[in-house]
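Chemist: What follows is protein17.txt; its format and atoms are compact mmCIF, C-alpha atoms.
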```txt
# COMPACT_ATOMS: atom_id res chain seq x y z
CA MET A 1 -41.35 5.36 0.17
CA VAL A 2 -40.84 2.74 2.85
CA ASP A 3 -37.83 2.83 5.17
CA SER A 4 -36.17 -0.22 3.62
CA ASP A 5 -36.12 1.60 0.26
CA CYS A 6 -34.46 4.59 1.91
CA GLU A 7 -31.91 2.31 3.56
CA ASN A 8 -31.10 0.57 0.27
CA ILE A 9 -30.76 3.90 -1.49
CA CYS A 10 -28.44 5.33 1.18
CA MET A 11 -26.38 2.14 1.22
CA ALA A 12 -26.04 2.17 -2.57
CA ALA A 13 -25.25 5.90 -2.68
CA MET A 14 -22.45 5.45 -0.13
CA ALA A 15 -21.13 2.46 -2.07
CA ILE A 16 -20.97 4.54 -5.26
CA ALA A 17 -19.15 7.28 -3.34
CA ASP A 18 -16.66 4.58 -2.26
CA GLY A 19 -16.10 3.49 -5.86
CA TYR A 20 -18.23 0.33 -5.79
CA GLN A 21 -21.04 -0.26 -8.28
CA PRO A 22 -24.12 -1.61 -6.45
CA GLU A 23 -27.07 -3.35 -8.13
CA LEU A 24 -29.23 -0.22 -7.92
CA SER A 25 -28.74 2.08 -10.86
CA ALA A 26 -27.42 5.61 -10.41
CA GLU A 27 -30.59 6.95 -12.09
CA ARG A 28 -32.84 5.26 -9.57
CA ILE A 29 -30.74 6.57 -6.69
CA GLU A 30 -30.80 10.10 -8.08
CA ALA A 31 -34.55 9.96 -8.65
CA HIS A 32 -35.11 8.85 -5.06
CA LEU A 33 -32.77 11.47 -3.62
CA ALA A 34 -34.48 14.23 -5.57
CA ASP A 35 -37.66 13.47 -3.61
CA CYS A 36 -36.31 12.36 -0.23
CA SER A 37 -34.76 14.94 2.06
CA ASP A 38 -34.23 12.36 4.84
CA CYS A 39 -31.95 10.32 2.60
CA ARG A 40 -30.08 13.42 1.44
CA ARG A 41 -29.44 14.39 5.07
CA GLU A 42 -28.42 10.85 5.99
CA ILE A 43 -25.96 10.61 3.10
CA SER A 44 -24.55 14.02 3.86
CA GLN A 45 -23.81 12.96 7.47
CA LEU A 46 -22.23 9.70 6.39
CA GLN A 47 -20.10 11.52 3.85
CA ALA A 48 -19.02 13.91 6.60
CA LEU A 49 -17.73 10.83 8.39
CA SER A 50 -15.78 9.79 5.29
CA SER A 51 -14.36 13.33 5.02
CA LEU A 52 -13.36 13.22 8.67
CA PHE A 53 -11.43 10.00 8.13
CA ALA A 54 -9.89 11.32 4.93
CA THR A 55 -7.77 13.64 7.06
CA GLN A 56 -6.77 10.89 9.49
CA GLN A 57 -3.92 8.43 9.37
CA ARG A 58 -3.23 5.29 11.29
CA LEU A 59 -0.68 5.78 14.06
CA ARG A 60 2.60 4.19 12.99
CA ARG A 61 3.48 1.63 15.66
CA THR A 62 7.10 1.27 16.73
CA GLU A 63 6.91 -1.78 18.98
CA ASP A 64 9.23 -4.64 18.05
CA VAL A 65 7.81 -8.13 18.46
CA TRP A 66 10.75 -10.04 16.97
CA ASN A 67 12.32 -10.78 20.36
CA ARG A 68 9.07 -12.28 21.58
CA ILE A 69 8.67 -14.35 18.41
CA GLU A 70 12.25 -15.51 18.01
CA ARG A 71 12.11 -17.54 21.22
CA GLU A 72 9.22 -19.59 19.88
CA LEU A 73 10.56 -20.31 16.41
CA PRO A 74 12.90 -23.26 17.10
CA ASP A 75 9.86 -25.18 18.36
CA ALA A 76 7.96 -24.23 15.24
CA SER A 77 10.84 -25.40 13.10
CA ALA A 78 11.06 -28.63 15.07
CA SER A 79 7.36 -29.30 14.59
CA ARG A 80 7.85 -28.90 10.85
CA SER A 81 10.74 -31.41 10.81
CA THR A 82 8.69 -33.70 13.07
CA ALA A 83 5.90 -33.64 10.49
CA ARG A 84 8.47 -34.45 7.77
CA ALA A 85 9.87 -37.32 9.85
CA SER A 86 6.38 -38.69 10.57
CA TYR A 87 5.60 -38.77 6.87
CA SER A 88 8.92 -40.45 6.08
CA PHE A 89 8.45 -43.12 8.74
CA MET A 90 4.94 -43.77 7.43
CA VAL A 91 6.38 -44.37 3.94
CA LEU A 92 9.06 -46.58 5.47
CA GLY A 93 6.39 -48.63 7.26
CA VAL A 94 4.46 -49.13 4.03
CA LEU A 95 7.62 -50.23 2.19
CA LEU A 96 8.53 -52.74 4.89
CA LEU A 97 5.00 -54.11 4.94
CA GLY A 98 5.16 -54.51 1.15
CA TYR A 99 8.46 -56.33 1.50
CA ARG A 100 6.98 -58.64 4.11
CA LEU A 101 4.00 -59.45 1.88
CA ILE A 102 6.28 -60.30 -1.04
CA GLU A 103 8.36 -62.48 1.26
CA LEU A 104 5.25 -64.42 2.28
CA ILE A 105 4.60 -65.62 -1.27
CA PRO A 106 5.03 -69.43 -0.93
CA ASP A 107 7.67 -71.40 -2.82
CA ARG A 108 9.52 -68.30 -3.93
CA HIS A 109 13.17 -67.78 -3.08
CA PHE A 110 14.56 -64.35 -3.88
CA GLY A 111 18.08 -65.07 -2.72
CA PHE A 112 20.35 -63.54 -0.09
CA LEU A 113 20.41 -60.01 -1.54
CA PHE A 114 16.65 -59.74 -1.23
CA LYS A 115 16.97 -60.24 2.53
CA LEU A 116 19.11 -57.09 2.66
CA VAL A 117 16.36 -54.89 1.20
CA PRO A 118 14.75 -53.86 4.56
CA VAL A 119 18.13 -52.95 6.02
CA LEU A 120 18.98 -50.82 2.98
CA VAL A 121 15.57 -49.13 3.05
CA VAL A 122 15.94 -48.23 6.73
CA ILE A 123 19.47 -46.89 6.19
CA ALA A 124 18.21 -44.80 3.24
CA ALA A 125 15.36 -43.40 5.37
CA PHE A 126 17.67 -42.29 8.18
CA ALA A 127 20.13 -40.82 5.67
CA TYR A 128 17.28 -38.84 4.07
CA LEU A 129 16.17 -37.53 7.46
CA ARG A 130 19.77 -36.87 8.49
CA GLU A 131 19.01 -38.63 11.75
CA ASN A 132 21.28 -40.85 13.79
CA PRO A 133 19.19 -43.82 15.00
CA PHE A 134 21.72 -44.50 17.80
CA LYS A 135 21.63 -40.94 19.15
CA ILE A 136 20.43 -40.55 22.74
CA ASP A 137 18.84 -37.18 23.45
CA SER A 138 19.48 -36.39 27.10
CA ASP A 139 17.91 -32.90 26.98
CA LEU A 140 14.68 -32.70 28.87
CA ARG A 141 12.16 -30.50 27.09
CA LEU A 142 8.73 -29.45 28.24
CA GLU A 143 6.37 -29.90 25.33
CA GLY A 144 3.59 -27.36 24.89
CA VAL A 145 5.17 -24.58 26.96
CA THR A 146 5.18 -21.57 24.69
CA ARG A 147 5.61 -18.67 27.00
CA MET B 1 15.61 -9.46 0.78
CA ASP B 2 12.07 -9.55 -0.61
CA ASP B 3 9.17 -11.56 0.86
CA HIS B 4 9.50 -14.33 -1.68
CA GLU B 5 13.16 -14.92 -0.92
CA ALA B 6 12.68 -14.60 2.84
CA ILE B 7 9.85 -17.15 2.82
CA GLU B 8 11.82 -19.58 0.66
CA ARG B 9 14.69 -19.32 3.13
CA CYS B 10 12.34 -19.87 6.09
CA ARG B 11 10.99 -22.95 4.40
CA ALA B 12 14.54 -24.21 4.01
CA GLY B 13 15.00 -23.88 7.80
CA ASP B 14 16.51 -20.39 8.08
CA ASN B 15 14.53 -18.93 10.99
CA GLU B 16 16.48 -15.68 10.87
CA ALA B 17 14.99 -14.96 7.45
CA PHE B 18 11.60 -14.71 9.14
CA ARG B 19 12.90 -11.65 10.95
CA HIS B 20 12.72 -9.73 7.67
CA VAL B 21 9.08 -10.66 7.30
CA VAL B 22 8.25 -9.75 10.90
CA GLU B 23 10.07 -6.43 10.75
CA ARG B 24 8.42 -5.53 7.48
CA TYR B 25 4.87 -6.15 8.67
CA GLN B 26 4.83 -5.85 12.45
CA ALA B 27 3.82 -2.16 12.56
CA GLU B 28 0.88 -2.80 10.24
CA ALA B 29 -0.09 -5.94 12.13
CA ILE B 30 0.02 -4.25 15.53
CA GLY B 31 -2.07 -1.37 14.17
CA HIS B 32 -4.67 -3.79 12.86
CA ALA B 33 -4.73 -5.87 16.02
CA ILE B 34 -5.16 -2.77 18.20
CA ALA B 35 -7.98 -1.60 15.95
CA ILE B 36 -9.76 -4.93 16.38
CA LEU B 37 -9.03 -5.56 20.06
CA GLY B 38 -8.87 -1.99 21.35
CA ASN B 39 -6.17 -3.06 23.76
CA ARG B 40 -2.42 -2.83 23.28
CA GLU B 41 -1.35 -5.78 25.41
CA ASP B 42 -3.86 -8.19 23.85
CA ALA B 43 -2.88 -6.87 20.43
CA MET B 44 0.80 -7.62 21.06
CA ASP B 45 -0.08 -11.16 22.16
CA ALA B 46 -2.28 -11.68 19.10
CA VAL B 47 0.43 -10.41 16.74
CA GLN B 48 3.06 -12.60 18.36
CA ASP B 49 0.87 -15.71 18.14
CA ALA B 50 -0.21 -14.88 14.59
CA PHE B 51 3.39 -14.59 13.36
CA ILE B 52 4.22 -17.93 14.98
CA ASP B 53 1.12 -19.53 13.41
CA ALA B 54 2.16 -18.04 10.07
CA PHE B 55 5.69 -19.38 10.42
CA LYS B 56 4.36 -22.88 11.07
CA ALA B 57 2.03 -22.60 8.08
CA LEU B 58 4.51 -21.09 5.60
CA ASP B 59 4.47 -24.31 3.57
CA ARG B 60 0.83 -23.61 2.76
CA LEU B 61 1.42 -20.05 1.51
CA ASP B 62 1.00 -19.69 -2.23
CA LEU B 63 4.06 -17.66 -3.23
CA THR B 64 2.27 -16.09 -6.17
CA ARG B 65 0.14 -14.19 -3.64
CA ARG B 66 1.17 -11.40 -1.30
CA PHE B 67 2.15 -12.29 2.26
CA TYR B 68 0.17 -9.72 4.23
CA PRO B 69 -3.41 -10.46 3.07
CA TRP B 70 -2.73 -14.15 3.79
CA PHE B 71 -1.23 -13.27 7.16
CA TYR B 72 -4.12 -10.93 7.98
CA VAL B 73 -6.57 -13.87 8.01
CA ILE B 74 -4.35 -15.60 10.60
CA LEU B 75 -4.02 -12.41 12.64
CA ARG B 76 -7.74 -11.80 12.51
CA ASN B 77 -8.47 -15.32 13.78
CA ARG B 78 -6.08 -14.78 16.66
CA CYS B 79 -7.67 -11.42 17.52
CA TYR B 80 -11.20 -12.77 17.47
CA LYS B 81 -10.18 -15.76 19.57
CA LEU B 82 -8.62 -13.42 22.13
CA ALA B 83 -11.64 -11.15 22.04
CA GLU B 84 -13.89 -14.15 22.63
CA GLY B 85 -11.79 -15.19 25.61
CA ARG B 86 -11.92 -11.80 27.24
CA LYS B 87 -15.65 -11.25 27.00
CA ASN B 88 -15.91 -11.19 30.75
CA ARG B 89 -12.98 -8.84 31.14
CA ASP B 90 -12.92 -5.09 30.70
CA MET B 91 -12.91 -3.77 27.18
CA GLY B 92 -9.88 -1.80 26.09
CA ASN B 93 -9.56 1.79 27.10
CA VAL B 94 -9.02 4.71 24.82
CA ASP B 95 -5.55 5.52 26.16
CA GLU B 96 -4.37 2.06 25.10
CA MET B 97 -6.15 2.12 21.78
CA GLN B 98 -4.41 5.00 19.99
CA ILE B 99 -5.00 4.04 16.40
CA LEU B 100 -5.00 7.55 14.96
CA ALA B 101 -1.87 9.60 14.38
CA PRO B 102 -1.97 13.21 15.60
CA THR B 103 -3.00 15.53 12.78
CA ALA B 104 -3.32 19.27 12.34
CA SER B 105 -6.95 18.87 11.24
CA LEU B 106 -8.17 17.60 14.63
CA GLN B 107 -7.55 18.79 18.16
CA PRO B 108 -6.12 16.03 20.42
CA GLU B 109 -9.40 16.02 22.41
CA ASP B 110 -11.36 15.41 19.21
CA THR B 111 -9.00 12.64 18.16
CA ASN B 112 -9.56 11.15 21.58
CA LEU B 113 -13.34 11.40 21.19
CA LEU B 114 -13.23 9.79 17.77
CA GLU B 115 -11.14 6.92 19.14
CA ARG B 116 -13.51 6.57 22.07
CA ALA B 117 -16.49 6.36 19.72
CA MET B 118 -14.65 3.74 17.64
CA LEU B 119 -13.81 1.76 20.74
CA GLU B 120 -17.51 1.53 21.54
CA LEU B 121 -18.28 -0.11 18.21
CA PRO B 122 -18.60 -3.90 17.95
CA ILE B 123 -15.21 -5.25 16.89
CA GLU B 124 -16.44 -6.33 13.45
CA ASP B 125 -17.62 -2.78 12.75
CA ARG B 126 -14.43 -1.23 14.08
CA GLU B 127 -12.34 -3.53 11.94
CA LEU B 128 -14.33 -2.69 8.84
CA ILE B 129 -14.23 1.07 9.45
CA THR B 130 -10.47 1.09 9.97
CA LEU B 131 -9.73 -1.14 6.98
CA ARG B 132 -11.88 1.02 4.74
CA HIS B 133 -11.02 4.47 6.03
CA LEU B 134 -7.49 4.16 7.36
CA ASP B 135 -6.11 1.53 4.98
CA GLY B 136 -8.22 2.61 2.02
CA LEU B 137 -9.21 -0.93 1.00
CA SER B 138 -11.80 -1.17 -1.76
CA TYR B 139 -14.99 -3.22 -1.33
CA GLN B 140 -13.41 -5.97 -3.42
CA GLU B 141 -10.28 -6.03 -1.27
CA LEU B 142 -12.38 -5.98 1.90
CA ALA B 143 -14.46 -8.86 0.57
CA GLU B 144 -11.35 -10.91 -0.14
CA ARG B 145 -9.76 -10.14 3.17
CA LEU B 146 -12.88 -10.76 5.28
CA LYS B 147 -14.11 -13.67 3.13
CA VAL B 148 -17.59 -12.25 2.49
CA PRO B 149 -19.28 -11.00 -0.72
CA PRO B 150 -18.85 -7.30 -1.67
CA GLY B 151 -22.61 -6.80 -1.21
CA THR B 152 -22.24 -7.85 2.43
CA ILE B 153 -19.37 -5.39 2.81
CA MET B 154 -21.61 -2.63 1.44
CA SER B 155 -24.35 -3.40 3.94
CA ARG B 156 -22.07 -3.94 6.95
CA LEU B 157 -20.06 -0.82 6.23
CA TYR B 158 -23.22 1.25 5.94
CA HIS B 159 -24.51 0.05 9.32
CA ALA B 160 -21.09 0.47 10.95
CA ARG B 161 -20.90 4.06 9.72
CA LYS B 162 -24.41 4.79 10.94
CA LEU B 163 -23.55 3.47 14.35
CA LEU B 164 -20.34 5.47 14.51
CA ARG B 165 -22.17 8.61 13.43
CA LYS B 166 -24.72 8.05 16.20
CA LYS B 167 -21.94 7.80 18.76
CA LEU B 168 -20.28 10.97 17.47
CA VAL B 169 -23.62 12.76 17.76
CA ARG B 170 -23.89 11.58 21.35
CA TYR B 171 -20.40 12.97 22.05
CA SER B 172 -21.45 16.26 20.39
CA PHE B 173 -18.59 15.89 17.95
CA ALA B 174 -18.27 18.99 15.77
CA GLY B 175 -20.14 18.63 12.48
CA PHE B 176 -22.39 15.78 13.64
CA SER B 177 -25.89 16.45 14.90
CA GLU B 178 -29.27 14.81 15.31
CA ARG B 179 -31.51 15.14 12.30
```
As a first step, turn the structure in this file into structure tokens.

Modeler:
Amino acid sequence: MVDSDCENICMAAMAIADGYQPELSAERIEAHLADCSDCRREISQLQALSSLFATQQRLRRTEDVWNRIERELPDASASRSTARASYSFMVLGVLLLGYRLIELIPDRHFGFLFKLVPVLVVIAAFAYLRENPFKIDSDLRLEGVTR
Amino acid sequence: MDDHEAIERCRAGDNEAFRHVVERYQAEAIGHAIAILGNREDAMDAVQDAFIDAFKALDRLDLTRRFYPWFYVILRNRCYKLAEGRKNRDMGNVDEMQILAPTASLQPEDTNLLERAMLELPIEDRELITLRHLDGLSYQELAERLKVPPGTIMSRLYHARKLLRKKLVRYSFAGFSER
């Protein structure tokens, strides 16, 4: 047997022990192991490792990270509403451009109410975003400072 | 409050609801990050950043799937990025690592030796060993979590175990000897 065969056999035998069915058949593995003491020893050592871990448990951590995270969340929330606002303003831009194109059609008069459409669209957009377009934000914020 | 409800509330702008998610998974996340990074301080930074990344990406979470496996991918990316950045710094030390709980089956010195041997593994191997042996994930679950085929898990796990065994032999760990 060449070494790569031994390696494939050991790998497959350990996989079966772990509950996974490899491509190699159990019969072929057993036939190889019956003749190969090196593989039997190798598998026995690797299974000893599995047995060692079977008696171990992960240490339960008690650290609390919420205080560290909480400080950062308003920014995260703001970035989400910024993304929402960007999308809304993009839609608004497309609507106003469409309006302008319709308005450019020659010899067509849509009447006074049609001229109010852009104003109504803008008011609807700000109402949807719950934003006051006349608000002045005097708070100075440093963007990008996370810690 | 279950995960589904908490995440729906976060999406609706209730940041406090995220606290439930953090408190439910932080112990597991810190344990995983320490196992990957081998360093408590870096692990805490990675967990913090991963939760913030997750919060920002909650809109992309498919609510029919469980939170933690999705979050683990984010945490893992953060850990590997941190590990990449600290290549020129000292590796973690075994006193900071502490991934194993004290047990009656092993003396504290042996637990320490086992952790030391694990700390010497490449981080990919250490991650795989801990996910398989301490979390009991199946090959299929490992494949899904690490985004590789189960056959690759089989091969990588085999080589990781061989390497760990070699290190335990070098430390003359009871029950492990040269052929």

Chemist: Between A:Ile9, A:Leu101, A:Cys39, A:Leu52, which residue has the minimum interatomic distance to Pro22 in chain A, considering only C-alpha atoms?

Modeler: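 Using only C-alpha atoms, the shortest distance to Pro22 in chain A belongs to A:Ile9.
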
Chemist: Using all atoms listed in the file, select each residue of chain B with any atom at most 7 Å away from an atom of chain A, and give the selection as a list in words.

Modeler: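 Listing them in order of chain and number gives Gly13, Asn15, Arg19, Val22, Ala27, Ile30, Gly31, Gln48, Ile52, Lys56, Ile99, Leu100, Ala101, Thr103, Ser105, His133, Leu134, Tyr139, Met154, Ser155, Tyr158, Arg161 and Phe176 of chain B.
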
Chemist: Give me the residues near Pro69 in chain B as JSON, numbers by chain, where near means some atom within 10 Å (using only C-alpha atoms) and where sequence neighbours in that chain fewer than 5 positions away do not count.

Modeler: {"B": [74, 75, 141, 144, 145, 146]}

Chemist: For the atom pair CA of Phe51 in chain B and CA of Ala29 in chain B, what is the interatomic distance in Å to one decimal place?

Modeler: 9.4 Å

Chemist: Mind listing as a ChimeraX atom specification all residues within 12 Å of (-8.1, -12.6, 11.6), counting all atoms listed in the file?

Modeler: /B:29,32-33,35-37,43,46-47,49-51,53-54,68-83,123-124,127,145-147

Chemist: By how many Å are CA of Glu41 in chain B and CA of Glu120 in chain B apart?

Modeler: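 Going from CA of Glu41 in chain B over to CA of Glu120 in chain B covers 18.2 Å.
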
Chemist: Using only C-alpha atoms, which of the listed residues (A:Val122, A:Leu24, A:Leu116, A:Cys36) sits closest to Cys6 in chain A?

Modeler: A:Cys36

Chemist: Considering only C-alpha atoms, can you say which of A:Ala85, A:Val121, A:Leu33, A:Met90 comes closest to Asp5 in chain A?

Modeler: A:Leu33

Chemist: Taking all atoms of range 50-62 of chain A that the file lists and extending 5 Å past them on each side, where is the centre of the axis-aligned box and how long are its edges? Answer in Å to one decimal, as AutoDock Vina command-line options.

Modeler:
```
--center_x -4.3 --center_y 7.5 --center_z 10.8 --size_x 32.9 --size_y 22.4 --size_z 21.8
```

Chemist: What gap, in Å, lies between CA of Glu16 in chain B and CA of Ala57 in chain B?

Modeler: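 Separation between CA of Glu16 in chain B and CA of Ala57 in chain B: 16.3 Å.
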
Chemist: Would you mind listing what lies within 12 Å of Leu119 in chain B as a count of residues only, with all atoms listed in the file counted and same-chain residues fewer than 3 positions away left out?

Modeler: 32

Chemist: Reconstruct N, CA and C atoms of range 102-128 of chain A from the incomplete input and present them as a compact mmCIF listing (two decimals), in the coordinates of the input.

Modeler:
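Okay, this is what ended up in result-v1.txt:
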```
# COMPACT_ATOMS: atom_id res chain seq x y z
N ILE A 102 5.61 -59.60 0.07
CA ILE A 102 6.28 -60.30 -1.04
C ILE A 102 7.01 -61.54 -0.51
N GLU A 103 7.60 -61.38 0.67
CA GLU A 103 8.36 -62.48 1.26
C GLU A 103 7.46 -63.67 1.61
N LEU A 104 6.18 -63.36 1.88
CA LEU A 104 5.25 -64.42 2.28
C LEU A 104 4.74 -65.27 1.11
N ILE A 105 5.05 -64.83 -0.12
CA ILE A 105 4.60 -65.62 -1.27
C ILE A 105 5.25 -67.01 -1.18
N PRO A 106 4.45 -68.09 -1.14
CA PRO A 106 5.03 -69.43 -0.93
C PRO A 106 5.86 -69.90 -2.12
N ASP A 107 6.82 -70.75 -1.81
CA ASP A 107 7.67 -71.40 -2.82
C ASP A 107 8.43 -70.42 -3.69
N ARG A 108 8.71 -69.24 -3.14
CA ARG A 108 9.52 -68.30 -3.93
C ARG A 108 10.77 -67.98 -3.13
N HIS A 109 11.92 -68.09 -3.76
CA HIS A 109 13.17 -67.78 -3.08
C HIS A 109 13.87 -66.68 -3.86
N PHE A 110 14.01 -65.52 -3.19
CA PHE A 110 14.56 -64.35 -3.88
C PHE A 110 16.08 -64.23 -3.70
N GLY A 111 16.64 -65.10 -2.89
CA GLY A 111 18.08 -65.07 -2.72
C GLY A 111 18.52 -64.21 -1.54
N PHE A 112 19.80 -64.23 -1.28
CA PHE A 112 20.35 -63.54 -0.09
C PHE A 112 20.21 -62.01 -0.18
N LEU A 113 20.44 -61.48 -1.40
CA LEU A 113 20.41 -60.01 -1.54
C LEU A 113 19.03 -59.43 -1.21
N PHE A 114 18.00 -60.21 -1.51
CA PHE A 114 16.65 -59.74 -1.23
C PHE A 114 16.43 -59.52 0.27
N LYS A 115 17.11 -60.36 1.08
CA LYS A 115 16.97 -60.24 2.53
C LYS A 115 17.59 -58.93 3.04
N LEU A 116 18.47 -58.35 2.25
CA LEU A 116 19.11 -57.09 2.66
C LEU A 116 18.23 -55.85 2.39
N VAL A 117 17.19 -56.04 1.60
CA VAL A 117 16.36 -54.89 1.20
C VAL A 117 15.85 -54.06 2.39
N PRO A 118 15.25 -54.70 3.44
CA PRO A 118 14.75 -53.86 4.56
C PRO A 118 15.84 -53.06 5.23
N VAL A 119 17.02 -53.66 5.38
CA VAL A 119 18.13 -52.95 6.02
C VAL A 119 18.51 -51.73 5.18
N LEU A 120 18.60 -51.93 3.87
CA LEU A 120 18.98 -50.82 2.98
C LEU A 120 17.92 -49.72 2.99
N VAL A 121 16.65 -50.13 3.04
CA VAL A 121 15.57 -49.13 3.05
C VAL A 121 15.63 -48.29 4.32
N VAL A 122 15.87 -48.95 5.45
CA VAL A 122 15.94 -48.23 6.73
C VAL A 122 17.13 -47.28 6.74
N ILE A 123 18.28 -47.76 6.24
CA ILE A 123 19.47 -46.89 6.19
C ILE A 123 19.18 -45.68 5.30
N ALA A 124 18.53 -45.92 4.16
CA ALA A 124 18.21 -44.80 3.24
C ALA A 124 17.29 -43.80 3.92
N ALA A 125 16.31 -44.30 4.69
CA ALA A 125 15.36 -43.40 5.37
C ALA A 125 16.09 -42.51 6.38
N PHE A 126 16.95 -43.09 7.18
CA PHE A 126 17.67 -42.29 8.18
C PHE A 126 18.64 -41.30 7.51
N ALA A 127 19.23 -41.74 6.39
CA ALA A 127 20.13 -40.82 5.67
C ALA A 127 19.34 -39.63 5.13
N TYR A 128 18.13 -39.91 4.61
CA TYR A 128 17.28 -38.84 4.07
C TYR A 128 16.89 -37.85 5.17
```
